[in-house]
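Just my_file-v8.txt here, compact mmCIF, C-alpha atoms:
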```
# COMPACT_ATOMS: atom_id res chain seq x y z
CA MET S 1 -11.11 -8.75 -22.51
CA LYS S 2 -7.96 -7.57 -24.28
CA HIS S 3 -8.08 -4.19 -22.54
CA LEU S 4 -8.71 -5.88 -19.16
CA ALA S 5 -5.67 -8.10 -19.63
CA SER S 6 -3.61 -5.09 -20.67
CA SER S 7 -4.72 -3.13 -17.60
CA CYS S 8 -3.78 -6.06 -15.38
CA ALA S 9 -0.36 -6.34 -17.04
CA ILE S 10 0.25 -2.60 -16.56
CA ALA S 11 -0.71 -2.80 -12.87
CA PHE S 12 1.62 -5.72 -12.19
CA SER S 13 4.52 -4.40 -14.29
CA THR S 14 4.28 -0.98 -12.60
CA TYR S 15 3.81 -2.03 -8.99
CA SER S 16 5.69 -5.32 -8.82
CA ARG S 17 8.67 -7.15 -10.24
CA ILE S 18 6.53 -10.05 -11.41
CA PRO S 19 7.29 -10.60 -15.12
CA MET S 20 4.50 -9.40 -17.42
CA PRO S 21 4.10 -9.08 -21.19
CA GLN S 22 4.79 -5.61 -22.56
CA VAL S 23 1.69 -3.66 -23.55
CA GLU S 24 1.12 -0.14 -24.84
CA TRP S 25 0.36 2.44 -22.15
CA SER S 26 -2.65 3.87 -23.97
CA GLU S 27 -5.68 5.34 -22.21
CA GLU S 28 -7.78 2.34 -23.24
CA ASN S 29 -5.26 -0.13 -21.86
CA MET S 30 -4.89 1.84 -18.60
CA ARG S 31 -8.63 2.26 -18.02
CA HIS S 32 -8.85 -0.54 -15.43
CA THR S 33 -5.33 -0.38 -13.99
CA LEU S 34 -6.51 0.91 -10.60
CA ALA S 35 -9.06 -1.89 -10.38
CA PHE S 36 -6.25 -4.43 -10.68
CA PHE S 37 -3.93 -2.66 -8.22
CA PRO S 38 -5.28 -4.59 -5.18
CA LEU S 39 -4.56 -7.83 -7.06
CA VAL S 40 -0.89 -6.89 -6.88
CA GLY S 41 -1.45 -6.78 -3.12
CA ALA S 42 -2.96 -10.26 -3.33
CA ALA S 43 0.24 -11.49 -4.99
CA VAL S 44 2.36 -9.83 -2.29
CA GLY S 45 0.08 -11.29 0.39
CA ALA S 46 0.29 -14.78 -1.10
CA ALA S 47 4.09 -14.59 -1.09
CA PHE S 48 4.03 -13.25 2.47
CA TRP S 49 1.68 -15.99 3.69
CA GLY S 50 3.65 -18.71 1.90
CA ALA S 51 6.96 -17.51 3.32
CA ASP S 52 5.46 -17.28 6.81
CA ALA S 53 4.07 -20.82 6.55
CA LEU S 54 7.40 -22.15 5.28
CA CYS S 55 9.36 -20.46 8.06
CA ARG S 56 7.03 -21.95 10.67
CA LEU S 57 7.21 -25.37 9.00
CA LEU S 58 11.01 -25.24 9.15
CA GLU S 59 10.76 -24.03 12.77
CA LEU S 60 12.93 -20.99 12.07
CA GLY S 61 13.42 -18.50 14.88
CA ASP S 62 11.24 -15.40 15.21
CA VAL S 63 14.09 -13.07 14.26
CA LEU S 64 14.94 -14.86 11.01
CA ARG S 65 11.25 -15.26 10.12
CA ALA S 66 10.62 -11.55 10.75
CA THR S 67 13.66 -10.65 8.64
CA VAL S 68 12.37 -12.66 5.69
CA LEU S 69 8.86 -11.25 5.99
CA THR S 70 10.12 -7.67 6.33
CA ALA S 71 12.19 -7.93 3.16
CA LEU S 72 9.67 -9.88 1.08
CA PRO S 73 7.18 -7.09 0.17
CA ALA S 74 10.02 -4.83 -0.99
CA ILE S 75 11.46 -7.67 -3.06
CA VAL S 76 8.13 -8.43 -4.76
CA THR S 77 7.26 -4.77 -5.41
CA GLY S 78 10.77 -3.55 -6.17
CA GLY S 79 10.46 -0.96 -3.42
CA ILE S 80 8.37 1.44 -5.51
CA HIS S 81 6.14 2.39 -2.58
CA LEU S 82 9.10 2.80 -0.22
CA ASP S 83 10.53 5.28 -2.71
CA GLY S 84 7.36 7.37 -2.46
CA TYR S 85 7.41 7.07 1.33
CA CYS S 86 10.97 8.42 1.49
CA ASP S 87 10.25 11.31 -0.89
CA THR S 88 7.14 12.27 1.09
CA VAL S 89 8.92 12.16 4.43
CA ASP S 90 11.57 14.51 3.03
CA ALA S 91 8.91 16.89 1.72
CA LEU S 92 6.94 16.94 4.97
CA ALA S 93 10.09 17.44 7.05
CA SER S 94 11.06 20.48 4.98
CA HIS S 95 8.14 22.58 6.31
CA ALA S 96 8.45 24.46 3.01
CA PRO S 97 5.63 26.07 1.00
CA ARG S 98 3.44 23.74 -1.05
CA GLU S 99 5.26 24.30 -4.37
CA LYS S 100 8.61 23.59 -2.75
CA LYS S 101 7.24 20.37 -1.24
CA LEU S 102 6.09 19.24 -4.68
CA LEU S 103 9.57 19.95 -6.06
CA ILE S 104 11.12 17.87 -3.27
CA LEU S 105 8.85 14.97 -4.26
CA LYS S 106 10.32 15.18 -7.77
CA ASP S 107 13.90 15.08 -6.45
CA SER S 108 15.32 11.59 -6.94
CA SER S 109 17.94 11.97 -4.19
CA ALA S 110 17.17 10.85 -0.63
CA GLY S 111 17.61 13.37 2.16
CA ALA S 112 18.57 12.75 5.77
CA PHE S 113 14.96 12.53 6.94
CA ALA S 114 14.17 9.94 4.27
CA VAL S 115 17.02 7.72 5.45
CA ILE S 116 16.16 8.17 9.14
CA TRP S 117 12.45 7.47 8.78
CA CYS S 118 12.99 4.59 6.39
CA CYS S 119 15.17 2.96 9.06
CA VAL S 120 12.48 3.70 11.65
CA TRP S 121 9.83 2.11 9.43
CA PHE S 122 11.85 -1.08 8.92
CA ALA S 123 12.74 -1.30 12.62
CA LEU S 124 9.10 -0.97 13.69
CA TYR S 125 7.84 -3.38 11.03
CA PHE S 126 10.50 -5.95 11.89
CA GLY S 127 9.86 -5.65 15.62
CA LEU S 128 6.11 -6.06 15.23
CA LEU S 129 6.58 -9.12 13.02
CA THR S 130 8.57 -10.83 15.78
CA GLU S 131 5.46 -10.49 17.96
CA LEU S 132 2.97 -11.64 15.30
CA GLU S 133 1.30 -14.98 16.01
CA SER S 134 -0.28 -15.49 12.57
CA GLY S 135 0.62 -13.98 9.22
CA ALA S 136 -2.82 -14.57 7.69
CA THR S 137 -4.34 -11.20 8.58
CA VAL S 138 -1.25 -9.26 7.53
CA ALA S 139 -1.18 -11.13 4.21
CA ALA S 140 -4.77 -10.03 3.55
CA CYS S 141 -3.90 -6.45 4.52
CA PHE S 142 -1.79 -6.00 1.39
CA VAL S 143 -5.05 -6.09 -0.57
CA LEU S 144 -6.73 -3.73 1.88
CA SER S 145 -4.02 -1.05 1.76
CA ARG S 146 -3.99 -1.01 -2.04
CA SER S 147 -7.78 -0.84 -2.20
CA PHE S 148 -7.82 2.32 -0.09
CA SER S 149 -4.86 3.72 -2.02
CA ALA S 150 -6.71 3.22 -5.31
CA LEU S 151 -9.84 4.77 -3.80
CA ALA S 152 -7.83 7.86 -2.81
CA ILE S 153 -6.51 8.25 -6.35
CA GLU S 154 -10.09 8.05 -7.63
CA ARG S 155 -11.58 10.45 -5.05
CA LEU S 156 -8.87 12.99 -4.21
CA PRO S 157 -7.79 15.81 -6.53
CA SER S 158 -4.37 15.54 -8.11
CA ALA S 159 -1.71 17.89 -6.80
CA ARG S 160 -0.20 17.95 -10.29
CA PRO S 161 -1.70 18.63 -13.73
CA LEU S 162 -3.33 15.55 -15.26
CA SER S 163 -1.30 15.97 -18.44
CA GLY S 164 1.83 17.74 -19.60
CA PRO S 165 5.47 17.69 -18.47
CA ARG S 166 4.62 18.40 -14.80
CA SER S 167 2.23 15.47 -14.45
CA GLY S 168 3.38 12.33 -12.67
CA MET S 169 2.41 8.67 -12.57
CA GLY S 170 -0.39 9.30 -10.08
CA ALA S 171 -1.90 12.05 -12.22
CA SER S 172 -1.71 9.83 -15.31
CA LEU S 173 -3.55 7.06 -13.47
CA LYS S 174 -6.24 9.44 -12.27
CA LYS S 175 -6.75 10.72 -15.80
CA SER S 176 -6.91 7.31 -17.45
CA SER S 177 -8.16 4.81 -14.85
CA ARG S 178 -11.15 4.39 -12.54
CA PHE S 179 -11.81 2.67 -9.20
CA PRO S 180 -15.59 2.77 -8.57
CA TRP S 181 -17.19 2.02 -5.21
CA TRP S 182 -18.47 -1.39 -6.29
CA VAL S 183 -14.91 -2.54 -7.03
CA LEU S 184 -13.86 -1.48 -3.52
CA GLY S 185 -16.89 -3.33 -2.14
CA ALA S 186 -15.94 -6.49 -4.02
CA TYR S 187 -12.39 -6.43 -2.66
CA LEU S 188 -13.66 -5.79 0.87
CA LEU S 189 -15.99 -8.78 0.61
CA VAL S 190 -13.17 -11.03 -0.57
CA TRP S 191 -10.90 -9.69 2.18
CA ALA S 192 -13.58 -10.22 4.86
CA GLY S 193 -14.29 -13.75 3.66
CA THR S 194 -10.60 -14.60 3.67
CA VAL S 195 -10.05 -13.26 7.19
CA TRP S 196 -13.14 -15.09 8.45
CA LEU S 197 -12.07 -18.40 6.86
CA TRP S 198 -8.64 -18.09 8.46
CA GLY S 199 -10.27 -17.48 11.85
CA GLU S 200 -8.58 -14.09 12.20
CA LEU S 201 -11.70 -11.95 12.56
CA LEU S 202 -10.61 -9.83 15.55
CA PRO S 203 -7.15 -8.89 14.19
CA GLY S 204 -8.75 -8.37 10.78
CA LEU S 205 -11.38 -5.97 12.11
CA ALA S 206 -8.73 -4.08 14.06
CA ALA S 207 -6.62 -3.73 10.92
CA LEU S 208 -9.65 -2.56 8.92
CA ALA S 209 -10.56 0.04 11.55
CA VAL S 210 -7.11 1.63 11.59
CA ALA S 211 -6.90 1.50 7.79
CA VAL S 212 -10.15 3.47 7.49
CA CYS S 213 -8.97 5.99 10.09
CA PHE S 214 -5.61 6.44 8.41
CA TYR S 215 -7.31 6.92 5.03
CA PHE S 216 -8.89 10.09 6.40
CA VAL S 217 -5.58 11.18 7.94
CA TYR S 218 -3.98 10.69 4.52
CA LYS S 219 -6.74 12.70 2.88
CA ALA S 220 -6.23 15.59 5.32
CA VAL S 221 -2.43 15.60 4.92
CA ALA S 222 -2.60 15.38 1.13
CA LEU S 223 -5.06 18.26 0.81
CA LYS S 224 -3.48 20.53 3.43
CA GLN S 225 0.19 20.00 2.65
CA PHE S 226 0.16 19.32 -1.10
CA GLY S 227 -3.24 20.34 -2.46
CA GLY S 228 -4.03 16.76 -3.47
CA PHE S 229 -2.43 13.36 -3.93
CA THR S 230 0.65 12.39 -5.92
CA GLY S 231 2.17 9.02 -6.73
CA ASP S 232 4.75 9.55 -3.98
CA LEU S 233 2.04 10.36 -1.44
CA ALA S 234 0.24 7.17 -2.46
CA GLY S 235 3.43 5.24 -1.64
CA TRP S 236 3.71 7.00 1.73
CA PHE S 237 0.11 6.10 2.53
CA LEU S 238 0.65 2.47 1.57
CA GLN S 239 3.73 2.00 3.74
CA VAL S 240 2.35 3.74 6.82
CA CYS S 241 -1.05 2.08 6.43
CA GLU S 242 0.54 -1.38 6.34
CA LEU S 243 2.62 -0.53 9.40
CA VAL S 244 -0.34 0.63 11.50
CA MET S 245 -2.45 -2.34 10.33
CA LEU S 246 0.31 -4.68 11.49
CA LEU S 247 0.39 -2.86 14.83
CA ALA S 248 -3.39 -3.20 15.17
CA ALA S 249 -3.26 -6.92 14.33
CA VAL S 250 -0.54 -7.56 16.94
CA LEU S 251 -2.41 -5.62 19.64
CA ALA S 252 -5.65 -7.44 18.79
CA GLU S 253 -3.88 -10.81 19.12
CA ARG S 254 -2.49 -9.77 22.50
CA GLY S 255 -5.91 -8.60 23.63
CA ALA S 256 -7.48 -11.89 22.58
CA ASP S 257 -4.79 -13.83 24.47
CA LEU S 258 -5.43 -11.79 27.63
CA TRP S 259 -9.17 -12.38 27.52
CA SER S 260 -8.93 -16.09 26.73
```
As structure tokens - that is how I would like this structure written.
Amino acid sequence: MKHLASSCAIAFSTYSRIPMPQVEWSEENMRHTLAFFPLVGAAVGAAFWGADALCRLLELGDVLRATVLTALPAIVTGGIHLDGYCDTVDALASHAPREKKLLILKDSSAGAFAVIWCCVWFALYFGLLTELESGATVAACFVLSRSFSALAIERLPSARPLSGPRSGMGASLKKSSRFPWWVLGAYLLVWAGTVWLWGELLPGLAALAVAVCFYFVYKAVALKQFGGFTGDLAGWFLQVCELVMLLAAVLAERGADLWS
């Protein structure tokens, strides 16, 4: 139980700004970190759902509500995944050889493409949120995106050495932690039950379908462009996956309205 609690604390302290007790980053303590990663998504989703409910209770306008909901995930997570998204966009835009792309991922400065595509991401996410009828499905999607991200770390090869000065956070997680299929299955069952209880089955299934499709796109990009995953690529996947899931949920809601 001690190691489980330590793994949970490491997951939350790494991928969120939620205060956690300090624990040693030993291999034993990190063994189940990936398994707790989707729980960070549950915390983000709970904050998202609560903020959405409060905005609707206060009868705030769609623009202000969308602004709050756009900013909230970055506030809870500290923007760690957005950082990986920006680094990956810069690397992909360089069209450089694989080794050069990996060096760009290590560069802490943001290039022009990172700034441009970060603005595009926020604009699209904000615009889609103004069209969203219910935040329940999107709240659940924060668990879904992190489940597939953890699965990719477990299943894909690392683009960096698993140990040594050239290894990164993603490689360290792959070396020390595990995310077996049954854990993914458990999260999917909880996600499906939550979406069904909220009465958001159609938007939920649409979000799941695009998440599965984008997982395979991510796999192809990671292997072809970088030779495997990195922590930055995992952040890129998370941000784009959540954007396309939001798009799918909005389109599913519109489709349901047209047919009703």
(request) Write out as number ranges by chain the residues lying within 9 Å of region 174-176 of chain S, counting all atoms listed in the file and excluding same-chain residues fewer than 5 positions away. (result) S: 26-34, 153-154, 157-158, 162-163, 169
(message) So, with all atoms listed in the file as the atoms that count, which of S:Leu188, S:Ala91, S:Ala43, S:Ala71 lies closest to Trp236 (chain S)?
(response)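 Using all atoms listed in the file, Trp236 (chain S) sits closest to S:Ala91.
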(message) So that I can see what lies close to region 44-51 of chain S, please list as number ranges by chain the residues with an atom at most 7 Å from it, counting only C-alpha atoms and leaving out residues fewer than 5 positions away in the same chain.
(response) S: 69, 72-73, 76, 135-136, 139-140, 142
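Note that the spacing between CA of Cys119 (chain S) and CA of Phe226 (chain S) amounts to 24.4 Å.
Closest approach to Pro38 (chain S) among S:Ala206, S:Glu131, S:Ala150, S:Val143 is made by S:Val143 (distances from only C-alpha atoms).
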(request) Go ahead and find all residues with at least one atom no further than 10 Å from (0.4, -5.7, 18.0) in the file's coordinates, using only C-alpha atoms; report them as a PyMOL selection string. (result) chain S and resi 127-133+203+244-255
For the residues in the current selection, export C-alpha atoms as a PDB file, in the coordinates of the input.
```pdb
ATOM      1  CA  GLY S 127       9.860  -5.650  15.620  1.00  0.00           C
ATOM      2  CA  LEU S 128       6.110  -6.060  15.230  1.00  0.00           C
ATOM      3  CA  LEU S 129       6.580  -9.120  13.020  1.00  0.00           C
ATOM      4  CA  THR S 130       8.570 -10.830  15.780  1.00  0.00           C
ATOM      5  CA  GLU S 131       5.460 -10.490  17.960  1.00  0.00           C
ATOM      6  CA  LEU S 132       2.970 -11.640  15.300  1.00  0.00           C
ATOM      7  CA  GLU S 133       1.300 -14.980  16.010  1.00  0.00           C
ATOM      8  CA  PRO S 203      -7.150  -8.890  14.190  1.00  0.00           C
ATOM      9  CA  VAL S 244      -0.340   0.630  11.500  1.00  0.00           C
ATOM     10  CA  MET S 245      -2.450  -2.340  10.330  1.00  0.00           C
ATOM     11  CA  LEU S 246       0.310  -4.680  11.490  1.00  0.00           C
ATOM     12  CA  LEU S 247       0.390  -2.860  14.830  1.00  0.00           C
ATOM     13  CA  ALA S 248      -3.390  -3.200  15.170  1.00  0.00           C
ATOM     14  CA  ALA S 249      -3.260  -6.920  14.330  1.00  0.00           C
ATOM     15  CA  VAL S 250      -0.540  -7.560  16.940  1.00  0.00           C
ATOM     16  CA  LEU S 251      -2.410  -5.620  19.640  1.00  0.00           C
ATOM     17  CA  ALA S 252      -5.650  -7.440  18.790  1.00  0.00           C
ATOM     18  CA  GLU S 253      -3.880 -10.810  19.120  1.00  0.00           C
ATOM     19  CA  ARG S 254      -2.490  -9.770  22.500  1.00  0.00           C
ATOM     20  CA  GLY S 255      -5.910  -8.600  23.630  1.00  0.00           C
TER      21      GLY S 255
END
```
(request) List the neighbours of Val195 (chain S) out to 9 Å using all atoms listed in the file; skip same-chain residues closer than 2 positions along the sequence, and give me the result as a PyMOL selection string. (result) chain S and resi 136-137+140+190-193+197-201+203-205
(message) Report, in Å to a single decimal, how far apart CA of Leu233 (chain S) and CA of Ser16 (chain S) are.
(response) 17.7 Å
(request) Enter the distance from CA of Val183 (chain S) to CA of Ser147 (chain S), in Å, rounded to one decimal. (result)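 Interatomic distance, CA of Val183 (chain S) to CA of Ser147 (chain S): 8.8 Å.
Residue nearest Asp90 (chain S) within the list S:Thr67, S:Asp52, S:Val240, S:Asp232: S:Asp232 [criterion: smallest interatomic distance, all atoms listed in the file].
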Generate N, CA, C and O atoms for region 123-137 of chain S and emit them as a PDB file, in the frame of the given file.
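And here is the file that came out, selection29.pdb:
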```
ATOM      1  N   ALA S 123      12.548  -0.823  11.250  1.00  0.00           N
ATOM      2  CA  ALA S 123      12.740  -1.300  12.620  1.00  0.00           C
ATOM      3  C   ALA S 123      11.401  -1.630  13.277  1.00  0.00           C
ATOM      4  O   ALA S 123      11.252  -2.678  13.931  1.00  0.00           O
ATOM      5  N   LEU S 124      10.417  -0.742  13.102  1.00  0.00           N
ATOM      6  CA  LEU S 124       9.100  -0.970  13.690  1.00  0.00           C
ATOM      7  C   LEU S 124       8.417  -2.181  13.049  1.00  0.00           C
ATOM      8  O   LEU S 124       7.828  -3.016  13.744  1.00  0.00           O
ATOM      9  N   TYR S 125       8.487  -2.274  11.726  1.00  0.00           N
ATOM     10  CA  TYR S 125       7.840  -3.380  11.030  1.00  0.00           C
ATOM     11  C   TYR S 125       8.466  -4.713  11.432  1.00  0.00           C
ATOM     12  O   TYR S 125       7.764  -5.692  11.712  1.00  0.00           O
ATOM     13  N   PHE S 126       9.791  -4.737  11.478  1.00  0.00           N
ATOM     14  CA  PHE S 126      10.500  -5.950  11.890  1.00  0.00           C
ATOM     15  C   PHE S 126      10.140  -6.337  13.321  1.00  0.00           C
ATOM     16  O   PHE S 126       9.832  -7.499  13.608  1.00  0.00           O
ATOM     17  N   GLY S 127      10.168  -5.362  14.232  1.00  0.00           N
ATOM     18  CA  GLY S 127       9.860  -5.650  15.620  1.00  0.00           C
ATOM     19  C   GLY S 127       8.451  -6.178  15.815  1.00  0.00           C
ATOM     20  O   GLY S 127       8.229  -7.128  16.577  1.00  0.00           O
ATOM     21  N   LEU S 128       7.496  -5.594  15.114  1.00  0.00           N
ATOM     22  CA  LEU S 128       6.110  -6.060  15.230  1.00  0.00           C
ATOM     23  C   LEU S 128       5.953  -7.470  14.662  1.00  0.00           C
ATOM     24  O   LEU S 128       5.183  -8.277  15.201  1.00  0.00           O
ATOM     25  N   LEU S 129       6.678  -7.778  13.595  1.00  0.00           N
ATOM     26  CA  LEU S 129       6.580  -9.120  13.020  1.00  0.00           C
ATOM     27  C   LEU S 129       7.116 -10.190  13.964  1.00  0.00           C
ATOM     28  O   LEU S 129       6.658 -11.341  13.931  1.00  0.00           O
ATOM     29  N   THR S 130       8.081  -9.842  14.810  1.00  0.00           N
ATOM     30  CA  THR S 130       8.570 -10.830  15.780  1.00  0.00           C
ATOM     31  C   THR S 130       7.512 -11.158  16.819  1.00  0.00           C
ATOM     32  O   THR S 130       7.594 -12.199  17.477  1.00  0.00           O
ATOM     33  N   GLU S 131       6.518 -10.268  16.985  1.00  0.00           N
ATOM     34  CA  GLU S 131       5.460 -10.490  17.960  1.00  0.00           C
ATOM     35  C   GLU S 131       4.206 -11.086  17.325  1.00  0.00           C
ATOM     36  O   GLU S 131       3.258 -11.440  18.038  1.00  0.00           O
ATOM     37  N   LEU S 132       4.164 -11.190  16.003  1.00  0.00           N
ATOM     38  CA  LEU S 132       2.970 -11.640  15.300  1.00  0.00           C
ATOM     39  C   LEU S 132       2.780 -13.148  15.447  1.00  0.00           C
ATOM     40  O   LEU S 132       3.702 -13.922  15.203  1.00  0.00           O
ATOM     41  N   GLU S 133       1.588 -13.551  15.830  1.00  0.00           N
ATOM     42  CA  GLU S 133       1.300 -14.980  16.010  1.00  0.00           C
ATOM     43  C   GLU S 133       0.897 -15.641  14.697  1.00  0.00           C
ATOM     44  O   GLU S 133       1.194 -16.806  14.465  1.00  0.00           O
ATOM     45  N   SER S 134       0.176 -14.929  13.839  1.00  0.00           N
ATOM     46  CA  SER S 134      -0.280 -15.490  12.570  1.00  0.00           C
ATOM     47  C   SER S 134      -0.118 -14.464  11.467  1.00  0.00           C
ATOM     48  O   SER S 134      -0.479 -13.299  11.646  1.00  0.00           O
ATOM     49  N   GLY S 135       0.412 -14.901  10.331  1.00  0.00           N
ATOM     50  CA  GLY S 135       0.620 -13.980   9.220  1.00  0.00           C
ATOM     51  C   GLY S 135      -0.576 -13.856   8.298  1.00  0.00           C
ATOM     52  O   GLY S 135      -0.526 -13.105   7.316  1.00  0.00           O
ATOM     53  N   ALA S 136      -1.679 -14.553   8.592  1.00  0.00           N
ATOM     54  CA  ALA S 136      -2.820 -14.570   7.690  1.00  0.00           C
ATOM     55  C   ALA S 136      -3.453 -13.191   7.520  1.00  0.00           C
ATOM     56  O   ALA S 136      -3.724 -12.730   6.406  1.00  0.00           O
ATOM     57  N   THR S 137      -3.713 -12.513   8.642  1.00  0.00           N
ATOM     58  CA  THR S 137      -4.340 -11.200   8.580  1.00  0.00           C
ATOM     59  C   THR S 137      -3.457 -10.194   7.855  1.00  0.00           C
ATOM     60  O   THR S 137      -3.925  -9.415   7.019  1.00  0.00           O
TER      61      THR S 137
END
```
